[in-house]
$ cat model-v1.pdb   # PDB, C-alpha atoms
ATOM      1  CA  MET A  19     -17.149  -4.526 -11.947  1.00  0.00           C
ATOM      2  CA  GLU A  20     -19.152  -2.866  -9.188  1.00  0.00           C
ATOM      3  CA  ALA A  21     -18.188  -3.042  -5.538  1.00  0.00           C
ATOM      4  CA  GLY A  22     -20.374  -5.122  -3.283  1.00  0.00           C
ATOM      5  CA  LYS A  23     -23.863  -3.834  -2.548  1.00  0.00           C
ATOM      6  CA  GLY A  24     -23.937  -1.601   0.499  1.00  0.00           C
ATOM      7  CA  THR A  25     -20.152  -1.287   0.591  1.00  0.00           C
ATOM      8  CA  GLU A  26     -18.618   2.161   0.775  1.00  0.00           C
ATOM      9  CA  ASP A  27     -15.837   2.629  -1.739  1.00  0.00           C
ATOM     10  CA  VAL A  28     -12.573   4.052  -0.441  1.00  0.00           C
ATOM     11  CA  PHE A  29     -11.253   4.848  -3.912  1.00  0.00           C
ATOM     12  CA  ASN A  30     -13.227   5.323  -7.093  1.00  0.00           C
ATOM     13  CA  VAL A  31     -10.910   5.725 -10.065  1.00  0.00           C
ATOM     14  CA  HIS A  32     -12.565   6.551 -13.374  1.00  0.00           C
ATOM     15  CA  GLY A  33     -10.966   7.175 -16.753  1.00  0.00           C
ATOM     16  CA  LEU A  34      -7.532   7.872 -15.282  1.00  0.00           C
ATOM     17  CA  HIS A  35      -4.811   8.851 -17.743  1.00  0.00           C
ATOM     18  CA  LEU A  36      -1.380   9.807 -16.441  1.00  0.00           C
ATOM     19  CA  TYR A  37       1.277  11.549 -18.502  1.00  0.00           C
ATOM     20  CA  ILE A  38       4.855  12.187 -17.405  1.00  0.00           C
ATOM     21  CA  ASN A  39       6.732  14.572 -19.714  1.00  0.00           C
ATOM     22  CA  ASP A  40       3.974  14.029 -22.316  1.00  0.00           C
ATOM     23  CA  ARG A  41       4.515  10.254 -22.284  1.00  0.00           C
ATOM     24  CA  VAL A  42       1.452   8.155 -21.472  1.00  0.00           C
ATOM     25  CA  ILE A  43       2.132   6.030 -18.384  1.00  0.00           C
ATOM     26  CA  LEU A  44      -1.392   4.964 -17.372  1.00  0.00           C
ATOM     27  CA  LYS A  45      -4.232   4.641 -19.866  1.00  0.00           C
ATOM     28  CA  ASP A  46      -7.951   4.842 -19.097  1.00  0.00           C
ATOM     29  CA  ILE A  47      -7.850   3.165 -15.668  1.00  0.00           C
ATOM     30  CA  THR A  48     -11.218   2.529 -13.976  1.00  0.00           C
ATOM     31  CA  PHE A  49     -11.814   0.542 -10.774  1.00  0.00           C
ATOM     32  CA  LYS A  50     -13.186   0.791  -7.228  1.00  0.00           C
ATOM     33  CA  VAL A  51     -11.610  -0.182  -3.914  1.00  0.00           C
ATOM     34  CA  PRO A  52     -14.207  -1.335  -1.337  1.00  0.00           C
ATOM     35  CA  ASN A  53     -13.719  -0.395   2.306  1.00  0.00           C
ATOM     36  CA  ASN A  54     -11.998  -2.813   4.725  1.00  0.00           C
ATOM     37  CA  SER A  55     -10.688  -4.982   1.931  1.00  0.00           C
ATOM     38  CA  VAL A  56      -7.311  -5.989   0.572  1.00  0.00           C
ATOM     39  CA  PHE A  57      -7.119  -4.773  -3.018  1.00  0.00           C
ATOM     40  CA  GLY A  58      -4.246  -6.304  -4.978  1.00  0.00           C
ATOM     41  CA  ILE A  59      -2.639  -4.712  -8.024  1.00  0.00           C
ATOM     42  CA  MET A  60      -0.599  -7.205 -10.016  1.00  0.00           C
ATOM     43  CA  GLY A  61       1.206  -7.245 -13.334  1.00  0.00           C
ATOM     44  CA  PRO A  62       4.630  -7.601 -14.922  1.00  0.00           C
ATOM     45  CA  SER A  63       7.478  -5.207 -14.186  1.00  0.00           C
ATOM     46  CA  GLY A  64       6.951  -1.904 -15.974  1.00  0.00           C
ATOM     47  CA  SER A  65       3.176  -2.280 -16.147  1.00  0.00           C
ATOM     48  CA  GLY A  66       2.508   0.849 -14.060  1.00  0.00           C
ATOM     49  CA  LYS A  67       1.573  -0.768 -10.734  1.00  0.00           C
ATOM     50  CA  SER A  68       3.737   1.364  -8.448  1.00  0.00           C
ATOM     51  CA  THR A  69       2.936   4.511 -10.414  1.00  0.00           C
ATOM     52  CA  LEU A  70      -0.791   3.874  -9.999  1.00  0.00           C
ATOM     53  CA  LEU A  71      -0.290   3.361  -6.269  1.00  0.00           C
ATOM     54  CA  LYS A  72       1.483   6.717  -5.965  1.00  0.00           C
ATOM     55  CA  VAL A  73      -1.407   8.475  -7.717  1.00  0.00           C
ATOM     56  CA  LEU A  74      -3.757   7.399  -4.916  1.00  0.00           C
ATOM     57  CA  ASN A  75      -2.014   9.548  -2.286  1.00  0.00           C
ATOM     58  CA  ARG A  76      -0.449  12.022  -4.724  1.00  0.00           C
ATOM     59  CA  LEU A  77       3.132  10.941  -4.154  1.00  0.00           C
ATOM     60  CA  ILE A  78       3.283  11.002  -7.938  1.00  0.00           C
ATOM     61  CA  GLU A  79       3.661  14.766  -7.572  1.00  0.00           C
ATOM     62  CA  ILE A  80       7.184  14.454  -6.207  1.00  0.00           C
ATOM     63  CA  TYR A  81       8.425  12.914  -9.472  1.00  0.00           C
ATOM     64  CA  ASP A  82      10.846  14.947 -11.515  1.00  0.00           C
ATOM     65  CA  GLY A  83       9.227  16.068 -14.723  1.00  0.00           C
ATOM     66  CA  GLU A  84       5.873  17.424 -15.807  1.00  0.00           C
ATOM     67  CA  ILE A  85       2.894  15.466 -14.493  1.00  0.00           C
ATOM     68  CA  LYS A  86      -0.514  15.606 -16.157  1.00  0.00           C
ATOM     69  CA  VAL A  87      -3.539  13.730 -14.839  1.00  0.00           C
ATOM     70  CA  GLU A  88      -6.869  13.251 -16.591  1.00  0.00           C
ATOM     71  CA  GLY A  89      -9.940  11.495 -15.216  1.00  0.00           C
ATOM     72  CA  LYS A  90     -11.144  11.164 -11.630  1.00  0.00           C
ATOM     73  CA  VAL A  91      -9.516   9.758  -8.502  1.00  0.00           C
ATOM     74  CA  LEU A  92     -11.997   9.973  -5.638  1.00  0.00           C
ATOM     75  CA  TYR A  93     -11.220   9.161  -2.004  1.00  0.00           C
ATOM     76  CA  PHE A  94     -14.454   8.616  -0.063  1.00  0.00           C
ATOM     77  CA  GLY A  95     -16.099  10.715  -2.780  1.00  0.00           C
ATOM     78  CA  LYS A  96     -13.579  13.576  -2.663  1.00  0.00           C
ATOM     79  CA  ASP A  97     -11.255  14.424  -5.536  1.00  0.00           C
ATOM     80  CA  VAL A  98      -7.767  13.671  -4.194  1.00  0.00           C
ATOM     81  CA  PHE A  99      -6.293  16.501  -6.263  1.00  0.00           C
ATOM     82  CA  GLN A 100      -8.588  18.981  -4.520  1.00  0.00           C
ATOM     83  CA  MET A 101      -7.573  17.798  -1.036  1.00  0.00           C
ATOM     84  CA  GLU A 102      -4.725  19.086   1.079  1.00  0.00           C
ATOM     85  CA  ALA A 103      -1.873  16.695   0.255  1.00  0.00           C
ATOM     86  CA  SER A 104      -0.609  16.389   3.843  1.00  0.00           C
ATOM     87  CA  LYS A 105      -4.082  15.467   5.137  1.00  0.00           C
ATOM     88  CA  LEU A 106      -4.530  12.907   2.363  1.00  0.00           C
ATOM     89  CA  ARG A 107      -1.163  11.290   3.079  1.00  0.00           C
ATOM     90  CA  LYS A 108      -1.880  11.108   6.813  1.00  0.00           C
ATOM     91  CA  GLU A 109      -5.031   9.121   6.082  1.00  0.00           C
ATOM     92  CA  VAL A 110      -3.481   7.163   3.203  1.00  0.00           C
ATOM     93  CA  GLY A 111      -0.155   5.848   4.477  1.00  0.00           C
ATOM     94  CA  MET A 112       2.473   4.075   2.407  1.00  0.00           C
ATOM     95  CA  VAL A 113       5.014   1.292   2.819  1.00  0.00           C
ATOM     96  CA  PHE A 114       7.698   0.954   0.155  1.00  0.00           C
ATOM     97  CA  GLN A 115       9.491  -1.990  -1.430  1.00  0.00           C
ATOM     98  CA  ILE A 116      12.836  -1.261   0.205  1.00  0.00           C
ATOM     99  CA  PRO A 117      12.553  -0.966   4.010  1.00  0.00           C
ATOM    100  CA  ASN A 118      13.130   2.702   4.792  1.00  0.00           C
ATOM    101  CA  PRO A 119      13.282   3.313   8.536  1.00  0.00           C
ATOM    102  CA  PHE A 120      15.109   6.418   9.721  1.00  0.00           C
ATOM    103  CA  HIS A 121      18.407   4.603  10.244  1.00  0.00           C
ATOM    104  CA  HIS A 122      19.949   7.427  12.272  1.00  0.00           C
ATOM    105  CA  LEU A 123      17.055   7.328  14.756  1.00  0.00           C
ATOM    106  CA  SER A 124      16.282   4.745  17.419  1.00  0.00           C
ATOM    107  CA  ILE A 125      13.531   2.166  17.050  1.00  0.00           C
ATOM    108  CA  TYR A 126      11.433   4.216  19.476  1.00  0.00           C
ATOM    109  CA  ASP A 127      12.041   7.517  17.685  1.00  0.00           C
ATOM    110  CA  ASN A 128      11.138   6.028  14.298  1.00  0.00           C
ATOM    111  CA  ILE A 129       7.579   5.912  15.576  1.00  0.00           C
ATOM    112  CA  ALA A 130       7.676   8.798  18.056  1.00  0.00           C
ATOM    113  CA  TYR A 131       9.048  11.346  15.583  1.00  0.00           C
ATOM    114  CA  PRO A 132       6.059  11.346  13.190  1.00  0.00           C
ATOM    115  CA  LEU A 133       3.695  11.379  16.173  1.00  0.00           C
ATOM    116  CA  LYS A 134       5.388  14.482  17.559  1.00  0.00           C
ATOM    117  CA  SER A 135       5.341  16.126  14.136  1.00  0.00           C
ATOM    118  CA  HIS A 136       1.550  15.673  14.124  1.00  0.00           C
ATOM    119  CA  GLY A 137       1.158  17.411  17.469  1.00  0.00           C
ATOM    120  CA  ILE A 138       1.220  14.557  19.989  1.00  0.00           C
ATOM    121  CA  LYS A 139       3.436  15.697  22.880  1.00  0.00           C
ATOM    122  CA  ASP A 140       2.415  13.614  25.901  1.00  0.00           C
ATOM    123  CA  LYS A 141       5.222  11.115  26.544  1.00  0.00           C
ATOM    124  CA  ARG A 142       2.932   8.475  28.016  1.00  0.00           C
ATOM    125  CA  GLU A 143       0.591   8.683  25.043  1.00  0.00           C
ATOM    126  CA  ILE A 144       3.529   8.420  22.640  1.00  0.00           C
ATOM    127  CA  MET A 145       4.880   5.373  24.497  1.00  0.00           C
ATOM    128  CA  ARG A 146       1.431   3.768  24.419  1.00  0.00           C
ATOM    129  CA  ILE A 147       1.166   4.233  20.646  1.00  0.00           C
ATOM    130  CA  VAL A 148       4.739   3.020  20.103  1.00  0.00           C
ATOM    131  CA  GLU A 149       4.020  -0.194  21.988  1.00  0.00           C
ATOM    132  CA  GLU A 150       0.625  -0.671  20.349  1.00  0.00           C
ATOM    133  CA  SER A 151       2.091  -0.200  16.862  1.00  0.00           C
ATOM    134  CA  LEU A 152       5.011  -2.550  17.479  1.00  0.00           C
ATOM    135  CA  ARG A 153       2.675  -5.187  18.886  1.00  0.00           C
ATOM    136  CA  LYS A 154       0.472  -5.009  15.798  1.00  0.00           C
ATOM    137  CA  VAL A 155       3.410  -5.945  13.587  1.00  0.00           C
ATOM    138  CA  ARG A 156       4.665  -8.538  16.125  1.00  0.00           C
ATOM    139  CA  LEU A 157       7.892  -6.655  16.729  1.00  0.00           C
ATOM    140  CA  TRP A 158       7.400  -5.617  20.362  1.00  0.00           C
ATOM    141  CA  ASP A 159       8.638  -8.875  21.892  1.00  0.00           C
ATOM    142  CA  GLU A 160      11.751  -8.714  19.724  1.00  0.00           C
ATOM    143  CA  VAL A 161      12.747  -5.121  20.493  1.00  0.00           C
ATOM    144  CA  HIS A 162      11.061  -3.979  23.735  1.00  0.00           C
ATOM    145  CA  ASP A 163      14.350  -4.186  25.643  1.00  0.00           C
ATOM    146  CA  ARG A 164      16.317  -2.164  23.064  1.00  0.00           C
ATOM    147  CA  LEU A 165      13.924   0.539  21.936  1.00  0.00           C
ATOM    148  CA  HIS A 166      16.695   3.132  21.988  1.00  0.00           C
ATOM    149  CA  ALA A 167      19.036   1.136  19.763  1.00  0.00           C
ATOM    150  CA  PRO A 168      19.446   2.446  16.191  1.00  0.00           C
ATOM    151  CA  ALA A 169      16.937   1.103  13.679  1.00  0.00           C
ATOM    152  CA  SER A 170      19.898   0.191  11.486  1.00  0.00           C
ATOM    153  CA  HIS A 171      20.675  -2.663  13.929  1.00  0.00           C
ATOM    154  CA  LEU A 172      17.487  -4.502  12.910  1.00  0.00           C
ATOM    155  CA  SER A 173      17.351  -7.191  10.234  1.00  0.00           C
ATOM    156  CA  GLY A 174      15.757  -6.400   6.878  1.00  0.00           C
ATOM    157  CA  GLY A 175      12.492  -8.087   7.819  1.00  0.00           C
ATOM    158  CA  GLN A 176      12.402  -6.292  11.165  1.00  0.00           C
ATOM    159  CA  GLN A 177      13.075  -2.967   9.460  1.00  0.00           C
ATOM    160  CA  GLN A 178      10.136  -3.528   7.115  1.00  0.00           C
ATOM    161  CA  ARG A 179       7.859  -4.342  10.037  1.00  0.00           C
ATOM    162  CA  LEU A 180       9.117  -1.183  11.766  1.00  0.00           C
ATOM    163  CA  THR A 181       8.179   0.939   8.747  1.00  0.00           C
ATOM    164  CA  ILE A 182       4.714  -0.633   8.801  1.00  0.00           C
ATOM    165  CA  ALA A 183       4.437   0.113  12.539  1.00  0.00           C
ATOM    166  CA  ARG A 184       5.479   3.709  11.824  1.00  0.00           C
ATOM    167  CA  ALA A 185       2.698   4.023   9.253  1.00  0.00           C
ATOM    168  CA  LEU A 186       0.124   2.406  11.561  1.00  0.00           C
ATOM    169  CA  ALA A 187       0.972   4.794  14.411  1.00  0.00           C
ATOM    170  CA  LEU A 188      -0.775   7.634  12.587  1.00  0.00           C
ATOM    171  CA  ARG A 189      -3.944   5.515  12.350  1.00  0.00           C
ATOM    172  CA  PRO A 190      -4.421   5.715   8.585  1.00  0.00           C
ATOM    173  CA  LYS A 191      -7.691   4.713   6.970  1.00  0.00           C
ATOM    174  CA  VAL A 192      -5.777   3.193   4.059  1.00  0.00           C
ATOM    175  CA  LEU A 193      -2.343   1.611   3.798  1.00  0.00           C
ATOM    176  CA  LEU A 194      -0.684   1.478   0.387  1.00  0.00           C
ATOM    177  CA  MET A 195       1.958  -1.262   0.187  1.00  0.00           C
ATOM    178  CA  ASP A 196       4.378  -1.352  -2.740  1.00  0.00           C
ATOM    179  CA  GLU A 197       5.978  -4.819  -3.005  1.00  0.00           C
ATOM    180  CA  PRO A 198       6.433  -4.918   0.804  1.00  0.00           C
ATOM    181  CA  THR A 199       7.858  -8.447   0.906  1.00  0.00           C
ATOM    182  CA  SER A 200      10.064  -8.581  -2.185  1.00  0.00           C
ATOM    183  CA  MET A 201      13.276  -7.504  -0.405  1.00  0.00           C
ATOM    184  CA  ILE A 202      12.994  -9.584   2.773  1.00  0.00           C
ATOM    185  CA  ASP A 203      13.323 -13.231   3.830  1.00  0.00           C
ATOM    186  CA  VAL A 204      10.547 -15.795   3.453  1.00  0.00           C
ATOM    187  CA  VAL A 205       9.688 -15.986   7.167  1.00  0.00           C
ATOM    188  CA  SER A 206       9.327 -12.199   7.439  1.00  0.00           C
ATOM    189  CA  ALA A 207       7.295 -12.169   4.212  1.00  0.00           C
ATOM    190  CA  GLN A 208       4.873 -14.720   5.653  1.00  0.00           C
ATOM    191  CA  ALA A 209       4.508 -12.636   8.812  1.00  0.00           C
ATOM    192  CA  ILE A 210       3.661  -9.549   6.759  1.00  0.00           C
ATOM    193  CA  GLU A 211       1.125 -11.464   4.662  1.00  0.00           C
ATOM    194  CA  GLN A 212      -0.597 -12.570   7.859  1.00  0.00           C
ATOM    195  CA  LEU A 213      -0.491  -8.994   9.145  1.00  0.00           C
ATOM    196  CA  ILE A 214      -2.119  -7.716   5.939  1.00  0.00           C
ATOM    197  CA  THR A 215      -5.006 -10.141   6.403  1.00  0.00           C
ATOM    198  CA  GLU A 216      -5.507  -8.978   9.999  1.00  0.00           C
ATOM    199  CA  LEU A 217      -5.242  -5.256   9.262  1.00  0.00           C
ATOM    200  CA  LYS A 218      -8.225  -5.223   6.884  1.00  0.00           C
ATOM    201  CA  LYS A 219     -10.455  -5.490   9.966  1.00  0.00           C
ATOM    202  CA  GLU A 220      -9.566  -1.868  10.746  1.00  0.00           C
ATOM    203  CA  MET A 221      -8.425  -0.348   7.454  1.00  0.00           C
ATOM    204  CA  THR A 222      -8.171  -0.846   3.711  1.00  0.00           C
ATOM    205  CA  ILE A 223      -4.998  -2.221   2.161  1.00  0.00           C
ATOM    206  CA  VAL A 224      -3.954  -1.591  -1.447  1.00  0.00           C
ATOM    207  CA  LEU A 225      -1.142  -4.002  -2.232  1.00  0.00           C
ATOM    208  CA  VAL A 226       1.125  -3.933  -5.284  1.00  0.00           C
ATOM    209  CA  SER A 227       2.810  -7.253  -5.983  1.00  0.00           C
ATOM    210  CA  HIS A 228       4.615  -8.885  -8.897  1.00  0.00           C
ATOM    211  CA  ASN A 229       3.766 -12.260  -7.333  1.00  0.00           C
ATOM    212  CA  PRO A 230       0.284 -13.427  -8.416  1.00  0.00           C
ATOM    213  CA  GLN A 231       0.281 -16.217  -5.832  1.00  0.00           C
ATOM    214  CA  GLN A 232       0.800 -13.705  -3.041  1.00  0.00           C
ATOM    215  CA  VAL A 233      -2.091 -11.642  -4.362  1.00  0.00           C
ATOM    216  CA  LYS A 234      -4.254 -14.763  -4.513  1.00  0.00           C
ATOM    217  CA  ARG A 235      -3.434 -15.569  -0.875  1.00  0.00           C
ATOM    218  CA  VAL A 236      -4.184 -12.185   0.694  1.00  0.00           C
ATOM    219  CA  ALA A 237      -6.367 -10.059  -1.617  1.00  0.00           C
ATOM    220  CA  ASP A 238     -10.155  -9.823  -1.726  1.00  0.00           C
ATOM    221  CA  TYR A 239     -10.114  -7.955  -5.052  1.00  0.00           C
ATOM    222  CA  VAL A 240      -7.512  -7.887  -7.803  1.00  0.00           C
ATOM    223  CA  ALA A 241      -6.620  -5.543 -10.651  1.00  0.00           C
ATOM    224  CA  PHE A 242      -4.348  -6.788 -13.442  1.00  0.00           C
ATOM    225  CA  LEU A 243      -2.262  -4.137 -15.204  1.00  0.00           C
ATOM    226  CA  TYR A 244      -0.334  -4.682 -18.404  1.00  0.00           C
ATOM    227  CA  ASN A 245       1.610  -2.013 -20.289  1.00  0.00           C
ATOM    228  CA  GLY A 246      -0.112   0.813 -18.404  1.00  0.00           C
ATOM    229  CA  LYS A 247      -3.606  -0.511 -19.089  1.00  0.00           C
ATOM    230  CA  LEU A 248      -6.083  -2.138 -16.734  1.00  0.00           C
ATOM    231  CA  VAL A 249      -6.849  -5.478 -18.356  1.00  0.00           C
ATOM    232  CA  GLU A 250      -9.522  -6.436 -15.817  1.00  0.00           C
ATOM    233  CA  TRP A 251     -10.396  -6.297 -12.132  1.00  0.00           C
ATOM    234  CA  GLY A 252     -12.804  -8.001  -9.771  1.00  0.00           C
ATOM    235  CA  PRO A 253     -13.056 -10.435  -6.855  1.00  0.00           C
ATOM    236  CA  THR A 254      -9.886 -12.494  -6.457  1.00  0.00           C
ATOM    237  CA  GLU A 255     -11.584 -15.845  -6.992  1.00  0.00           C
ATOM    238  CA  GLU A 256     -13.151 -14.606 -10.234  1.00  0.00           C
ATOM    239  CA  ILE A 257      -9.904 -13.192 -11.623  1.00  0.00           C
ATOM    240  CA  PHE A 258      -7.886 -16.325 -10.862  1.00  0.00           C
ATOM    241  CA  ASP A 259     -10.478 -19.023 -11.583  1.00  0.00           C
ATOM    242  CA  SER A 260     -12.403 -17.529 -14.501  1.00  0.00           C
ATOM    243  CA  PRO A 261     -10.599 -14.492 -15.961  1.00  0.00           C
ATOM    244  CA  ARG A 262     -12.356 -12.805 -18.847  1.00  0.00           C
ATOM    245  CA  ASN A 263      -9.174 -11.911 -20.696  1.00  0.00           C
ATOM    246  CA  GLU A 264      -6.683 -14.378 -22.169  1.00  0.00           C
ATOM    247  CA  LEU A 265      -3.821 -12.111 -21.081  1.00  0.00           C
ATOM    248  CA  THR A 266      -4.923 -12.435 -17.451  1.00  0.00           C
ATOM    249  CA  GLN A 267      -5.107 -16.207 -17.790  1.00  0.00           C
ATOM    250  CA  LYS A 268      -1.534 -16.341 -19.097  1.00  0.00           C
ATOM    251  CA  TYR A 269      -0.277 -14.134 -16.274  1.00  0.00           C
ATOM    252  CA  VAL A 270      -1.868 -16.016 -13.382  1.00  0.00           C
ATOM    253  CA  VAL A 271      -0.476 -19.366 -14.614  1.00  0.00           C
ATOM    254  CA  GLY A 272       3.006 -17.931 -15.065  1.00  0.00           C
ATOM    255  CA  LEU A 273       3.242 -17.677 -18.847  1.00  0.00           C
ATOM    256  CA  ILE A 274       3.928 -13.928 -18.606  1.00  0.00           C
ATOM    257  CA  ASP A 275       6.656 -12.665 -16.271  1.00  0.00           C
TER     258      ASP A 275
END

$ encode --input "model-v1.pdb" --output "structure tokens"
Amino acid sequence: MEAGKGTEDVFNVHGLHLYINDRVILKDITFKVPNNSVFGIMGPSGSGKSTLLKVLNRLIEIYDGEIKVEGKVLYFGKDVFQMEASKLRKEVGMVFQIPNPFHHLSIYDNIAYPLKSHGIKDKREIMRIVEESLRKVRLWDEVHDRLHAPASHLSGGQQQRLTIARALALRPKVLLMDEPTSMIDVVSAQAIEQLITELKKEMTIVLVSHNPQQVKRVADYVAFLYNGKLVEWGPTEEIFDSPRNELTQKYVVGLID
């Protein structure tokens, strides 16, 4: 499936094989992620979704064990494995399944610390970005009067929105999201789904989810993984309404967990 005509692809993955300790984890994966879209990756537990996500910004390299990658993973036409990892990860941010704010730091410092580590020193500029980032995730009104309270005092849903704000503060071009709503309450999950839809106006989102209905609600394109293989990918409506593979059909109607 080709990306839309005239659309610049953020990622172009071709013939990707991933081995960890000589065991095949991903097998011949090929797809494209169009710019300013929400690209959903769905599949049962153990299908390789989160592993594939971590290949895109090379977090896979921090795994214990021997990693071997074959095929191409291009980011705006550049081989990600030829790029400086820190530069890649600044442009390709990540939000994890379990909310992971810096619990020992304040709400303010959760966002200010990475800004300072990237060379931003002006206090007014830092405060502006902190407020802007918290407003984007609709957290500012809830915390503006306690910015110096520990992040650990926030609820689970608030902590997840804080980690998203922290990622947004560095102005990434892409945000990878690994099951971002699976560990939080329904109301917070709905807020994050709405945020995902809004964020694609300014960046690309690659979302891993075990919930096909969530993918259907927010994604423009969908890839279905099963047992480390890409079964099919394409526009969301096509994958859900007229899948080419019987396995996909069974998954989207809930016959495969």

$ resolve_selection --input "model-v1.pdb" --expression "the PyMOL selection byres ((chain A and resi 36-46) around 10)" --output "PyMOL selection string"
chain A and resi 31-35+47-48+64-67+69-70+73+78+81-89+243-248

$ write_last_selection --input "model-v1.pdb" --atoms "C-alpha atoms" --output "PDB file, keeping the file's coordinate frame"
ATOM      1  CA  VAL A  31     -10.910   5.725 -10.065  1.00  0.00           C
ATOM      2  CA  HIS A  32     -12.565   6.551 -13.374  1.00  0.00           C
ATOM      3  CA  GLY A  33     -10.966   7.175 -16.753  1.00  0.00           C
ATOM      4  CA  LEU A  34      -7.532   7.872 -15.282  1.00  0.00           C
ATOM      5  CA  HIS A  35      -4.811   8.851 -17.743  1.00  0.00           C
ATOM      6  CA  ILE A  47      -7.850   3.165 -15.668  1.00  0.00           C
ATOM      7  CA  THR A  48     -11.218   2.529 -13.976  1.00  0.00           C
ATOM      8  CA  GLY A  64       6.951  -1.904 -15.974  1.00  0.00           C
ATOM      9  CA  SER A  65       3.176  -2.280 -16.147  1.00  0.00           C
ATOM     10  CA  GLY A  66       2.508   0.849 -14.060  1.00  0.00           C
ATOM     11  CA  LYS A  67       1.573  -0.768 -10.734  1.00  0.00           C
ATOM     12  CA  THR A  69       2.936   4.511 -10.414  1.00  0.00           C
ATOM     13  CA  LEU A  70      -0.791   3.874  -9.999  1.00  0.00           C
ATOM     14  CA  VAL A  73      -1.407   8.475  -7.717  1.00  0.00           C
ATOM     15  CA  ILE A  78       3.283  11.002  -7.938  1.00  0.00           C
ATOM     16  CA  TYR A  81       8.425  12.914  -9.472  1.00  0.00           C
ATOM     17  CA  ASP A  82      10.846  14.947 -11.515  1.00  0.00           C
ATOM     18  CA  GLY A  83       9.227  16.068 -14.723  1.00  0.00           C
ATOM     19  CA  GLU A  84       5.873  17.424 -15.807  1.00  0.00           C
ATOM     20  CA  ILE A  85       2.894  15.466 -14.493  1.00  0.00           C
ATOM     21  CA  LYS A  86      -0.514  15.606 -16.157  1.00  0.00           C
ATOM     22  CA  VAL A  87      -3.539  13.730 -14.839  1.00  0.00           C
ATOM     23  CA  GLU A  88      -6.869  13.251 -16.591  1.00  0.00           C
ATOM     24  CA  GLY A  89      -9.940  11.495 -15.216  1.00  0.00           C
ATOM     25  CA  LEU A 243      -2.262  -4.137 -15.204  1.00  0.00           C
ATOM     26  CA  TYR A 244      -0.334  -4.682 -18.404  1.00  0.00           C
ATOM     27  CA  ASN A 245       1.610  -2.013 -20.289  1.00  0.00           C
ATOM     28  CA  GLY A 246      -0.112   0.813 -18.404  1.00  0.00           C
ATOM     29  CA  LYS A 247      -3.606  -0.511 -19.089  1.00  0.00           C
ATOM     30  CA  LEU A 248      -6.083  -2.138 -16.734  1.00  0.00           C
TER      31      LEU A 248
END

$ closest_residue --input "model-v1.pdb" --among "A:Pro62, A:Val226, A:Leu71, A:Ala207" --to "Lys268 (chain A)" --atoms "only C-alpha atoms"
A:Pro62

$ closest_residue --input "model-v1.pdb" --among "A:Gly175, A:Lys108, A:Asn30, A:Val56" --to "Asp203 (chain A)" --atoms "all atoms listed in the file"
A:Gly175

$ residues_around --input "model-v1.pdb" --residues "region 142-144 of chain A" --least-positions-apart "3" --cutoff "7 Å" --atoms "all atoms listed in the file" --output "list in words"
Ala130, Ile147 and Val148 of chain A

$ residues_around --input "model-v1.pdb" --residues "Met221 (chain A)" --least-positions-apart "4" --cutoff "10 Å" --atoms "only C-alpha atoms" --output "PyMOL selection string"
chain A and resi 28+53-56+110+186+189-193+214+216-217

$ atom_distance --input "model-v1.pdb" --atom1 "CA of Arg235 (chain A)" --atom2 "CA of Gln208 (chain A)"
10.6 Å

$ resolve_selection --input "model-v1.pdb" --expression "the PyMOL selection byres ((chain A and resi 155-161) around 10)" --output "number ranges by chain"
A: 125-126, 148-154, 162-167, 172, 176-183, 186, 209-210, 212-214, 217

$ resolve_selection --input "model-v1.pdb" --expression "the PyMOL selection byres ((chain A and resi 264-267) around 10)" --output "ChimeraX atom specification"
/A:61,241-244,249-251,257-263,268-274

$ atom_distance --input "model-v1.pdb" --atom1 "CA of Asn75 (chain A)" --atom2 "CA of Asp97 (chain A)"
10.9 Å

$ axis_aligned_box --input "model-v1.pdb" --around "region 155-163 of chain A" --padding-each-side "8 Å" --output "JSON"
{"center_x": 8.9, "center_y": -6.4, "center_z": 19.6, "size_x": 26.9, "size_y": 20.9, "size_z": 28.1}

$ closest_residue --input "model-v1.pdb" --among "A:Phe99, A:Phe114, A:Tyr131, A:Phe57" --to "Val233 (chain A)" --atoms "all atoms listed in the file"
A:Phe57

$ atom_distance --input "model-v1.pdb" --atom1 "CA of Tyr93 (chain A)" --atom2 "CA of Phe29 (chain A)"
4.7 Å

$ closest_residue --input "model-v1.pdb" --among "A:Val240, A:Leu74, A:Leu225, A:Val205" --to "Lys90 (chain A)" --atoms "all atoms listed in the file"
A:Leu74

$ residues_around --input "model-v1.pdb" --residues "His122 (chain A)" --least-positions-apart "5" --cutoff "8 Å" --atoms "all atoms listed in the file" --output "list in words"
Pro168, Ala169 and Ser170 of chain A

$ closest_residue --input "model-v1.pdb" --among "A:Met112, A:Asp238, A:Arg76, A:Asn118" --to "Gln100 (chain A)" --atoms "all atoms listed in the file"
A:Arg76

$ residues_around --input "model-v1.pdb" --residues "Ser227 (chain A)" --least-positions-apart "5" --cutoff "7 Å" --atoms "only C-alpha atoms" --output "list of chain:residue names"
A:Ile59, A:Met60, A:Asp196, A:Glu197, A:Val233

$ closest_residue --input "model-v1.pdb" --among "A:Lys219, A:Glu211, A:Ala187, A:Val224" --to "Ile138 (chain A)" --atoms "all atoms listed in the file"
A:Ala187
